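Visitor: Got final11.tsv for you, TSV, C-alpha atoms:
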```
chain	number	residue	atom	x	y	z
A	1	MET	CA	141.87	90.59	73.54
A	2	ILE	CA	139.70	92.01	70.77
A	3	VAL	CA	136.05	91.05	71.25
A	4	LEU	CA	133.73	91.75	68.34
A	5	THR	CA	130.22	90.94	67.18
A	6	THR	CA	131.35	91.16	63.53
A	7	PRO	CA	132.74	88.14	61.61
A	8	ASP	CA	135.99	89.94	60.75
A	9	VAL	CA	138.46	92.19	62.47
A	10	PRO	CA	138.68	95.35	60.35
A	11	GLY	CA	142.23	95.93	59.15
A	12	ARG	CA	143.49	92.56	60.45
A	13	LYS	CA	143.69	89.18	58.74
A	14	ILE	CA	142.44	86.03	60.46
A	15	VAL	CA	145.10	83.33	60.02
A	16	GLU	CA	143.71	80.58	62.24
A	17	VAL	CA	140.34	79.66	63.68
A	18	LEU	CA	140.70	78.13	67.13
A	19	GLY	CA	137.07	77.17	67.58
A	20	ILE	CA	134.11	78.21	69.63
A	21	VAL	CA	134.65	79.77	73.03
A	22	ARG	CA	131.88	80.37	75.51
A	23	GLY	CA	131.20	81.45	79.02
A	24	ASN	CA	128.04	81.26	81.03
A	25	ALA	CA	126.98	82.46	84.44
A	26	VAL	CA	123.87	81.99	86.53
A	27	ARG	CA	123.46	84.49	89.31
A	28	GLY	CA	120.73	85.08	91.82
A	29	ALA	CA	119.59	88.08	93.81
A	30	HIS	CA	119.50	87.79	97.59
A	31	LEU	CA	116.19	87.68	99.42
A	32	GLY	CA	116.20	91.40	100.25
A	33	ARG	CA	116.54	92.33	96.57
A	34	ASP	CA	113.86	89.84	95.55
A	35	ILE	CA	111.44	91.34	98.07
A	36	SER	CA	112.26	94.86	96.92
A	37	ALA	CA	111.84	93.81	93.27
A	38	PHE	CA	108.47	92.25	94.05
A	39	PHE	CA	107.15	95.55	95.42
A	40	LYS	CA	108.61	97.53	92.49
A	41	ASN	CA	106.84	95.17	90.14
A	42	LEU	CA	103.55	96.27	91.71
A	43	VAL	CA	104.05	99.94	90.92
A	44	GLY	CA	105.96	99.74	87.62
A	45	GLY	CA	109.15	101.36	86.38
A	46	GLU	CA	112.63	99.92	86.20
A	47	ILE	CA	113.44	97.09	88.57
A	48	GLU	CA	117.09	97.99	89.15
A	49	GLU	CA	117.65	94.89	91.27
A	50	TYR	CA	117.10	92.70	88.21
A	51	THR	CA	118.86	95.10	85.84
A	52	LYS	CA	121.88	94.71	88.11
A	53	LEU	CA	121.46	90.95	88.29
A	54	LEU	CA	121.45	90.61	84.49
A	55	ALA	CA	124.41	92.99	84.15
A	56	GLU	CA	126.45	90.96	86.66
A	57	SER	CA	125.73	87.74	84.73
A	58	ARG	CA	126.51	89.42	81.42
A	59	GLU	CA	129.93	90.64	82.57
A	60	GLN	CA	130.83	87.35	84.26
A	61	SER	CA	129.88	85.27	81.20
A	62	LEU	CA	131.88	87.64	78.99
A	63	ASP	CA	134.94	87.28	81.24
A	64	ARG	CA	134.65	83.49	81.21
A	65	MET	CA	134.47	83.47	77.42
A	66	VAL	CA	137.55	85.74	77.20
A	67	ALA	CA	139.41	83.52	79.70
A	68	GLU	CA	138.75	80.46	77.53
A	69	ALA	CA	139.98	82.32	74.44
A	70	GLN	CA	143.13	83.42	76.28
A	71	ALA	CA	143.77	79.81	77.32
A	72	LYS	CA	143.59	78.83	73.65
A	73	GLY	CA	146.09	81.54	72.72
A	74	ALA	CA	143.59	83.60	70.72
A	75	ASP	CA	144.13	87.19	69.66
A	76	ALA	CA	140.45	87.96	69.13
A	77	ILE	CA	136.93	86.61	69.47
A	78	VAL	CA	134.65	87.31	66.53
A	79	ASN	CA	130.93	86.78	65.99
A	80	VAL	CA	130.23	87.19	69.69
A	81	ARG	CA	126.62	86.58	70.69
A	82	PHE	CA	124.73	86.68	73.94
A	83	ALA	CA	121.86	84.45	74.99
A	84	THR	CA	119.76	84.34	78.13
A	85	SER	CA	117.54	81.75	79.68
A	86	GLU	CA	115.79	81.17	82.97
A	87	VAL	CA	117.06	78.17	84.87
A	88	THR	CA	115.19	78.98	88.03
A	89	ALA	CA	112.87	81.78	89.11
A	90	GLY	CA	114.69	84.91	90.28
A	91	ALA	CA	118.04	83.93	88.74
A	92	ALA	CA	119.65	85.24	85.57
A	93	GLU	CA	121.57	83.02	83.19
A	94	PHE	CA	123.70	84.64	80.56
A	95	LEU	CA	125.64	82.80	77.86
A	96	ALA	CA	128.29	84.55	75.79
A	97	TYR	CA	129.83	82.72	72.86
A	98	GLY	CA	131.93	83.46	69.84
A	99	THR	CA	134.76	82.18	67.64
A	100	ALA	CA	138.33	82.47	68.87
A	101	VAL	CA	140.83	83.39	66.16
A	102	LYS	CA	144.47	84.17	65.70
A	103	LEU	CA	145.38	87.28	63.74
A	104	ALA	CA	148.28	88.00	61.44
A	105	ALA	CA	150.78	90.50	62.76
A	106	GLY	CA	150.28	93.99	61.38
A	107	THR	CA	147.43	95.11	59.14
A	108	ALA	CA	145.76	93.10	56.39
B	109	MET	CA	148.05	100.83	98.45
B	110	ASN	CA	150.68	103.01	100.17
B	111	GLY	CA	153.88	104.16	98.44
B	112	GLU	CA	155.56	102.04	95.80
B	113	PRO	CA	153.84	98.75	94.97
B	114	THR	CA	155.72	95.62	96.05
B	115	GLU	CA	156.91	93.06	93.52
B	116	GLU	CA	154.01	90.81	94.46
B	117	GLN	CA	151.55	93.64	93.88
B	118	LEU	CA	153.12	94.33	90.49
B	119	ASN	CA	152.78	90.64	89.67
B	120	ALA	CA	149.14	90.75	90.77
B	121	MET	CA	148.54	93.71	88.41
B	122	ALA	CA	150.28	91.92	85.53
B	123	TYR	CA	148.30	88.76	86.28
B	124	ALA	CA	144.97	90.61	86.39
B	125	ASP	CA	145.86	92.32	83.10
B	126	GLY	CA	146.80	88.97	81.50
B	127	GLU	CA	150.37	90.15	80.90
B	128	LEU	CA	152.29	87.29	82.55
B	129	ASP	CA	153.76	84.60	80.30
B	130	ASP	CA	152.63	80.98	80.80
B	131	ALA	CA	155.34	80.00	83.29
B	132	ALA	CA	154.97	83.16	85.40
B	133	ARG	CA	151.17	82.84	85.32
B	134	ARG	CA	151.29	79.23	86.54
B	135	GLU	CA	153.75	80.17	89.28
B	136	PHE	CA	151.52	83.03	90.41
B	137	GLU	CA	148.39	80.87	90.30
B	138	ALA	CA	150.13	78.25	92.47
B	139	LEU	CA	150.76	80.98	95.02
B	140	LEU	CA	147.13	82.18	95.19
B	141	PRO	CA	145.58	79.32	97.24
B	142	ARG	CA	148.18	79.90	99.98
B	143	ARG	CA	147.96	83.70	99.88
B	144	PRO	CA	144.39	84.96	100.39
B	145	ASP	CA	145.75	88.53	100.65
B	146	LEU	CA	147.13	88.29	97.11
B	147	ALA	CA	143.94	86.63	95.86
B	148	ARG	CA	141.99	89.54	97.37
B	149	GLU	CA	144.35	92.01	95.66
B	150	VAL	CA	143.69	90.31	92.29
B	151	ALA	CA	139.92	90.32	92.95
B	152	GLN	CA	140.10	94.06	93.74
B	153	LEU	CA	141.99	94.75	90.52
B	154	ARG	CA	139.47	92.72	88.51
B	155	ARG	CA	136.64	94.60	90.18
B	156	LEU	CA	138.17	97.86	88.92
B	157	GLN	CA	138.62	96.40	85.41
B	158	VAL	CA	134.98	95.32	85.29
B	159	LEU	CA	133.82	98.76	86.44
B	160	ALA	CA	136.17	100.49	83.98
B	161	ARG	CA	134.31	98.87	81.06
B	162	HIS	CA	131.29	100.99	81.81
B	163	VAL	CA	132.02	104.24	80.07
B	164	ALA	CA	128.41	105.31	79.58
B	165	GLY	CA	127.48	108.63	81.14
B	166	PRO	CA	124.93	108.93	83.93
B	167	GLU	CA	121.23	108.77	83.08
B	168	PRO	CA	118.88	111.66	83.96
B	169	MET	CA	117.27	109.56	86.71
B	170	ASP	CA	120.57	108.82	88.44
B	171	THR	CA	120.67	112.01	90.50
B	172	GLU	CA	117.15	111.43	91.73
B	173	TRP	CA	117.96	107.82	92.63
B	174	ALA	CA	121.02	109.01	94.55
B	175	ARG	CA	118.96	111.65	96.41
B	176	LEU	CA	116.32	109.06	97.24
B	177	ALA	CA	118.94	106.58	98.45
B	178	ALA	CA	120.33	109.24	100.80
B	179	ASP	CA	116.89	110.20	102.16
B	180	PRO	CA	116.71	108.98	105.79
B	181	LEU	CA	112.93	108.43	105.58
B	182	HIS	CA	113.32	106.25	102.48
B	183	ARG	CA	116.28	104.32	103.91
B	184	GLY	CA	114.66	103.91	107.32
B	185	GLY	CA	111.32	102.85	105.87
B	186	ARG	CA	112.92	100.25	103.62
B	187	GLY	CA	115.21	98.93	106.36
B	188	LEU	CA	112.45	98.73	108.95
B	189	GLY	CA	110.01	97.19	106.47
B	190	LEU	CA	112.46	94.52	105.39
B	191	GLY	CA	113.53	93.85	108.99
B	192	LEU	CA	109.93	93.44	110.17
B	193	LEU	CA	109.09	91.23	107.21
B	194	LEU	CA	112.05	88.92	107.80
B	195	ALA	CA	111.59	88.87	111.58
B	196	GLY	CA	107.87	88.13	111.17
B	197	GLY	CA	108.54	85.39	108.62
B	198	THR	CA	111.24	83.77	110.75
B	199	GLY	CA	109.25	84.08	113.98
B	200	GLY	CA	106.11	82.71	112.35
B	201	THR	CA	107.98	79.76	110.88
B	202	VAL	CA	109.62	78.91	114.23
B	203	TRP	CA	106.29	79.24	116.05
B	204	ALA	CA	104.50	77.03	113.52
B	205	ALA	CA	107.26	74.42	113.74
B	206	ILE	CA	107.09	74.33	117.55
B	207	GLU	CA	103.30	74.05	117.49
B	208	ILE	CA	103.42	71.18	115.00
B	209	LEU	CA	106.14	69.36	116.95
B	210	ARG	CA	104.16	69.77	120.21
B	211	GLY	CA	100.95	68.55	118.55
B	212	GLU	CA	99.45	65.12	117.98
B	213	LEU	CA	101.87	63.97	115.28
B	214	PRO	CA	103.26	60.42	115.67
B	215	ILE	CA	106.92	60.26	116.69
B	216	TRP	CA	108.13	59.35	113.16
B	217	GLY	CA	106.26	62.36	111.81
B	218	LYS	CA	107.90	64.63	114.37
B	219	ALA	CA	111.33	63.12	113.59
B	220	GLY	CA	110.80	63.67	109.88
B	221	LEU	CA	109.65	67.25	110.34
B	222	GLY	CA	112.50	67.94	112.78
B	223	ALA	CA	115.02	66.55	110.27
B	224	LEU	CA	113.49	68.68	107.50
B	225	LEU	CA	113.73	71.86	109.57
B	226	LEU	CA	117.22	71.15	110.88
B	227	GLY	CA	118.45	70.18	107.40
B	228	SER	CA	117.01	73.37	105.91
B	229	PHE	CA	118.59	75.45	108.67
B	230	LEU	CA	122.01	73.81	108.18
B	231	LEU	CA	121.85	74.30	104.42
B	232	LEU	CA	120.92	77.97	104.90
B	233	VAL	CA	123.77	78.55	107.34
B	234	THR	CA	126.38	76.83	105.15
B	235	THR	CA	125.14	78.72	102.07
B	236	ILE	CA	125.37	82.07	103.88
B	237	ARG	CA	128.83	81.13	105.16
B	238	ALA	CA	130.00	80.16	101.66
B	239	ARG	CA	128.67	83.42	100.22
B	240	ALA	CA	130.37	85.46	102.96
B	241	ARG	CA	133.66	83.70	102.18
B	242	THR	CA	133.46	84.18	98.39
B	243	LEU	CA	132.00	87.69	98.37
B	244	PRO	CA	135.37	89.53	98.61
B	245	PHE	CA	136.54	87.60	95.52
B	246	ASP	CA	133.47	88.38	93.41
B	247	PRO	CA	134.33	91.29	91.09
B	248	TYR	CA	130.80	91.67	89.72
B	249	THR	CA	128.92	92.84	92.76
B	250	GLU	CA	129.37	96.56	92.10
B	251	ILE	CA	127.99	96.49	88.55
B	252	GLN	CA	124.74	98.41	88.42
B	253	ARG	CA	123.57	97.92	84.82
```
Here is a file; write its structure as structure tokens.
Guide:
Amino acid sequence: MIVLTTPDVPGRKIVEVLGIVRGNAVRGAHLGRDISAFFKNLVGGEIEEYTKLLAESREQSLDRMVAEAQAKGADAIVNVRFATSEVTAGAAEFLAYGTAVKLAAGTA
Amino acid sequence: MNGEPTEEQLNAMAYADGELDDAARREFEALLPRRPDLAREVAQLRRLQVLARHVAGPEPMDTEWARLAADPLHRGGRGLGLGLLLAGGTGGTVWAAIEILRGELPIWGKAGLGALLLGSFLLLVTTIRARARTLPFDPYTEIQR
């Protein structure tokens, strides 16, 4: 599966648009990580606990979007975008969305 | 994995890579609920795929983080601190609950408070149990950034 942020696939022709595909994930850190993050927030620097939390959500939402595209029989997802929001304190929500397309065989 | 992979393991690899056709994929997916060992195998393969996406080289700080993580004083201090904090919080909560229940509250108040505490405890236990059950099938837990 080709996953791109651009509207086209260089060298390939889009022959069918299958529609929007998306995947979202909301993940939380366990209490130990939240406590550790709280103390790191007091002294500054990177809070790896939350970097990790966001990265986990990012990858999971990406996989869910790809799974939906695969179910639709897509060859590629173009115009992929990411969005975040905060549903509840200490949790990370990531939304990945894009347009699933079918590509012509060979090069354009 | 020892020696040659079995046919089921090969199917698990093909499934994780999205290489099975529709019929074979459905057949394999029907097998998964009855075969937790195969489901675990698929989860392990997906974990590797997720990690394999991260091709960025290490950052300058990484070696220092690794040294710090291996430092017994740092590990011990963090472990002890967290343990004391959780033990103190749990002990304090239990003590406060007992004191309130032993106090002058009317019986309906005690019943309500008891139900609240018991309900919270049951929800916590079932949530921890659910997480422990699903953790081996979560391929995202080893991602660092």
Visitor: What separation in Å, quoted to one decimal, exists between atom CA of A:Asn79 and atom CA of A:Ala55?
Guide: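 Separation of atom CA of A:Asn79 and atom CA of A:Ala55: 20.3 Å.
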Visitor: Report, in Å to a single decimal, how far apart atom CA of A:Phe82 and atom CA of A:Pro7 are.
Guide: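 Separating atom CA of A:Pro7 from atom CA of A:Phe82 is a distance of 14.8 Å.
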Visitor: At what distance in Å, to one decimal, does atom CA of A:Gly90 lie from atom CA of B:Phe229?
Guide: 21.0 Å
Visitor: Using all atoms listed in the file and a cut-off of 8 Å, which residues of chain A sit close to chain B? Please list them as a PyMOL selection string.
Guide: chain A and resi 32+48+51-52+54-56+59-60
Visitor: Let me make sure I understand: among B:Gly196, B:Leu221, B:Pro113, B:Thr242, which one has the smallest atom-to-atom distance to B:Ile208 if we use all atoms listed in the file?
Guide: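 Ranking B:Gly196, B:Leu221, B:Pro113, B:Thr242 by distance to B:Ile208, first place goes to B:Leu221.
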Visitor: Please provide as JSON, numbers by chain all residues within 12 Å of stretch 11-18 of chain A, with the sequence filter that same-chain residues fewer than 4 positions apart are discarded (counting all atoms listed in the file).
Guide: {"A": [2, 7, 68, 69, 70, 71, 72, 73, 74, 75, 76, 77, 78, 98, 99, 100, 101, 102, 103, 104, 105, 106, 107, 108]}
Visitor: For A:Glu49, which residue out of A:Glu86, A:Arg64, A:Arg22, A:Ala91 is the nearest one, using only C-alpha atoms?
Guide: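 Looking at the shortest contact to A:Glu49, the residue is A:Ala91.
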Visitor: Hey, which of B:Leu209, B:Leu140, B:Leu230, B:Leu146 ends up closest to B:Glu115? Count only C-alpha atoms.
Guide: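 Closest residue, counting only C-alpha atoms: B:Leu146.
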Visitor: Could you add whatever atoms are missing so that stretch 175-186 of chain B carries all heavy atoms, then write the result as a PDB file, in the coordinates of the input?
Guide:
```pdb
ATOM      1  N   ARG B 175     119.586 110.823  95.361  1.00  0.00           N
ATOM      2  CA  ARG B 175     118.960 111.650  96.410  1.00  0.00           C
ATOM      3  C   ARG B 175     117.994 110.789  97.236  1.00  0.00           C
ATOM      4  O   ARG B 175     117.931 110.896  98.458  1.00  0.00           O
ATOM      5  CB  ARG B 175     118.222 112.810  95.754  1.00  0.00           C
ATOM      6  CG  ARG B 175     117.873 113.890  96.761  1.00  0.00           C
ATOM      7  CD  ARG B 175     117.487 115.209  96.182  1.00  0.00           C
ATOM      8  NE  ARG B 175     116.884 115.163  94.858  1.00  0.00           N
ATOM      9  CZ  ARG B 175     117.193 116.028  93.903  1.00  0.00           C
ATOM     10  NH1 ARG B 175     118.103 116.940  94.120  1.00  0.00           N
ATOM     11  NH2 ARG B 175     116.593 115.982  92.739  1.00  0.00           N
ATOM     12  N   LEU B 176     117.268 109.933  96.545  1.00  0.00           N
ATOM     13  CA  LEU B 176     116.320 109.060  97.240  1.00  0.00           C
ATOM     14  C   LEU B 176     117.046 108.077  98.158  1.00  0.00           C
ATOM     15  O   LEU B 176     116.625 107.828  99.295  1.00  0.00           O
ATOM     16  CB  LEU B 176     115.507 108.288  96.184  1.00  0.00           C
ATOM     17  CG  LEU B 176     114.192 107.675  96.618  1.00  0.00           C
ATOM     18  CD1 LEU B 176     113.257 108.690  97.218  1.00  0.00           C
ATOM     19  CD2 LEU B 176     113.526 106.988  95.422  1.00  0.00           C
ATOM     20  N   ALA B 177     118.173 107.545  97.652  1.00  0.00           N
ATOM     21  CA  ALA B 177     118.940 106.580  98.450  1.00  0.00           C
ATOM     22  C   ALA B 177     119.503 107.237  99.706  1.00  0.00           C
ATOM     23  O   ALA B 177     119.709 106.563 100.727  1.00  0.00           O
ATOM     24  CB  ALA B 177     120.070 105.994  97.613  1.00  0.00           C
ATOM     25  N   ALA B 178     119.762 108.540  99.645  1.00  0.00           N
ATOM     26  CA  ALA B 178     120.330 109.240 100.800  1.00  0.00           C
ATOM     27  C   ALA B 178     119.245 109.740 101.751  1.00  0.00           C
ATOM     28  O   ALA B 178     119.547 110.186 102.864  1.00  0.00           O
ATOM     29  CB  ALA B 178     121.184 110.410 100.317  1.00  0.00           C
ATOM     30  N   ASP B 179     117.998 109.695 101.339  1.00  0.00           N
ATOM     31  CA  ASP B 179     116.890 110.200 102.160  1.00  0.00           C
ATOM     32  C   ASP B 179     116.673 109.290 103.373  1.00  0.00           C
ATOM     33  O   ASP B 179     116.355 108.110 103.205  1.00  0.00           O
ATOM     34  CB  ASP B 179     115.631 110.249 101.273  1.00  0.00           C
ATOM     35  CG  ASP B 179     114.409 110.716 102.035  1.00  0.00           C
ATOM     36  OD1 ASP B 179     114.551 111.046 103.227  1.00  0.00           O
ATOM     37  OD2 ASP B 179     113.311 110.729 101.445  1.00  0.00           O
ATOM     38  N   PRO B 180     116.824 109.836 104.595  1.00  0.00           N
ATOM     39  CA  PRO B 180     116.710 108.980 105.790  1.00  0.00           C
ATOM     40  C   PRO B 180     115.341 108.300 105.911  1.00  0.00           C
ATOM     41  O   PRO B 180     115.249 107.158 106.359  1.00  0.00           O
ATOM     42  CB  PRO B 180     116.922 109.951 106.961  1.00  0.00           C
ATOM     43  CG  PRO B 180     117.445 111.199 106.384  1.00  0.00           C
ATOM     44  CD  PRO B 180     117.108 111.230 104.939  1.00  0.00           C
ATOM     45  N   LEU B 181     114.275 109.009 105.486  1.00  0.00           N
ATOM     46  CA  LEU B 181     112.930 108.430 105.580  1.00  0.00           C
ATOM     47  C   LEU B 181     112.811 107.204 104.660  1.00  0.00           C
ATOM     48  O   LEU B 181     112.268 106.167 105.051  1.00  0.00           O
ATOM     49  CB  LEU B 181     111.899 109.498 105.179  1.00  0.00           C
ATOM     50  CG  LEU B 181     110.452 109.204 105.535  1.00  0.00           C
ATOM     51  CD1 LEU B 181     110.272 109.125 107.043  1.00  0.00           C
ATOM     52  CD2 LEU B 181     109.530 110.270 104.943  1.00  0.00           C
ATOM     53  N   HIS B 182     113.362 107.345 103.457  1.00  0.00           N
ATOM     54  CA  HIS B 182     113.320 106.250 102.480  1.00  0.00           C
ATOM     55  C   HIS B 182     114.155 105.068 102.985  1.00  0.00           C
ATOM     56  O   HIS B 182     113.696 103.918 102.999  1.00  0.00           O
ATOM     57  CB  HIS B 182     113.869 106.759 101.138  1.00  0.00           C
ATOM     58  CG  HIS B 182     113.898 105.725 100.057  1.00  0.00           C
ATOM     59  ND1 HIS B 182     112.768 105.298  99.412  1.00  0.00           N
ATOM     60  CD2 HIS B 182     114.935 105.026  99.528  1.00  0.00           C
ATOM     61  CE1 HIS B 182     113.105 104.371  98.526  1.00  0.00           C
ATOM     62  NE2 HIS B 182     114.410 104.189  98.578  1.00  0.00           N
ATOM     63  N   ARG B 183     115.383 105.380 103.426  1.00  0.00           N
ATOM     64  CA  ARG B 183     116.280 104.320 103.910  1.00  0.00           C
ATOM     65  C   ARG B 183     115.694 103.623 105.133  1.00  0.00           C
ATOM     66  O   ARG B 183     115.673 102.393 105.227  1.00  0.00           O
ATOM     67  CB  ARG B 183     117.645 104.900 104.287  1.00  0.00           C
ATOM     68  CG  ARG B 183     118.468 105.317 103.091  1.00  0.00           C
ATOM     69  CD  ARG B 183     119.675 106.104 103.570  1.00  0.00           C
ATOM     70  NE  ARG B 183     120.595 105.269 104.327  1.00  0.00           N
ATOM     71  CZ  ARG B 183     121.626 104.640 103.788  1.00  0.00           C
ATOM     72  NH1 ARG B 183     121.858 104.772 102.503  1.00  0.00           N
ATOM     73  NH2 ARG B 183     122.431 103.909 104.516  1.00  0.00           N
ATOM     74  N   GLY B 184     115.218 104.465 106.086  1.00  0.00           N
ATOM     75  CA  GLY B 184     114.660 103.910 107.320  1.00  0.00           C
ATOM     76  C   GLY B 184     113.439 103.063 107.054  1.00  0.00           C
ATOM     77  O   GLY B 184     113.278 101.970 107.614  1.00  0.00           O
ATOM     78  N   GLY B 185     112.554 103.580 106.181  1.00  0.00           N
ATOM     79  CA  GLY B 185     111.320 102.850 105.870  1.00  0.00           C
ATOM     80  C   GLY B 185     111.613 101.506 105.233  1.00  0.00           C
ATOM     81  O   GLY B 185     111.036 100.489 105.602  1.00  0.00           O
ATOM     82  N   ARG B 186     112.558 101.505 104.304  1.00  0.00           N
ATOM     83  CA  ARG B 186     112.920 100.250 103.620  1.00  0.00           C
ATOM     84  C   ARG B 186     113.563  99.268 104.591  1.00  0.00           C
ATOM     85  O   ARG B 186     113.221  98.080 104.622  1.00  0.00           O
ATOM     86  CB  ARG B 186     113.884 100.528 102.468  1.00  0.00           C
ATOM     87  CG  ARG B 186     113.197 101.011 101.224  1.00  0.00           C
ATOM     88  CD  ARG B 186     114.235 101.387 100.191  1.00  0.00           C
ATOM     89  NE  ARG B 186     114.979 100.209  99.752  1.00  0.00           N
ATOM     90  CZ  ARG B 186     114.699  99.534  98.650  1.00  0.00           C
ATOM     91  NH1 ARG B 186     113.699  99.936  97.889  1.00  0.00           N
ATOM     92  NH2 ARG B 186     115.402  98.504  98.288  1.00  0.00           N
TER      93      ARG B 186
END
```
